[in-house]
Structure formats: structure tokens, C-alpha cells
Amino acid sequence: MPKAKAQCSMCTINAEQGIKNGNTQGKGLNSGILYLLSIPYLLITGVGVVWYLKYKKKQQNNQPLL
């Protein structure tokens with residue numbers, strides 16, 4: 001059974017040809033890809049900030065008084 005690996009290159013060619021012909025769908029496609037790509041990074045960053053703040057607060061509470 002042949003593997004279907006051609007879809008990605010076909011979409012790329014169609015998007016590039018559309019932009020050359022004055023279509024704006026390629027720009028929307030690029031914006032959508034960047035939007036979907038940014039969500040996981042923002043979530044990971046948010047979890048990291050919350051974890052760091054909790055860790056820092058815990059460390060300050062555990063310091064011995066002089």
C-alpha cells in the first residue's frame with residue numbers, strides 16, 4: 001500500500017500559488033498555523049511561571065529567622 005506523504009507539499013504549493021495570484025487565503029493559513037503553534041508555548045510558560053512563584057514563596061517561608 002503506498003504511503004500518502006504528498007499532502008503537505010501539495011498544500012504548500014497551492015498556498016504559494018494562491019498568494020502569487022492575489023489570493024489572501026495563504027496569509028490566513030500562515031496566521032492560523034502561528035496561532036496554533038503559540039498556544040502550547042504560552043501554556044507551558046504560564047505553568048512554569050506559576051510553578052516558579054510557588055517554589056519561590058515556599059523557599060521564603062522555610063528560611064530560618066536570625
# chains A, B, ... in the order shown; residues from 1 in each chain; ligands from 1
call {"tool": "residues_around", "arguments": {"residues": "Gly28 (chain A)", "least_positions_apart": "5", "cutoff": "12 Å", "atoms": "only C-alpha atoms", "output": "count of residues only"}}
result
7
call {"tool": "atom_distance", "arguments": {"atom1": "CA of Leu29 (chain A)", "atom2": "CA of Met10 (chain A)"}}
result
13.9 Å
call {"tool": "atom_distance", "arguments": {"atom1": "CA of Glu16 (chain A)", "atom2": "CA of Ser31 (chain A)"}}
result
14.3 Å
call {"tool": "atom_distance", "arguments": {"atom1": "CA of Lys54 (chain A)", "atom2": "CA of Leu37 (chain A)"}}
result
27.2 Å
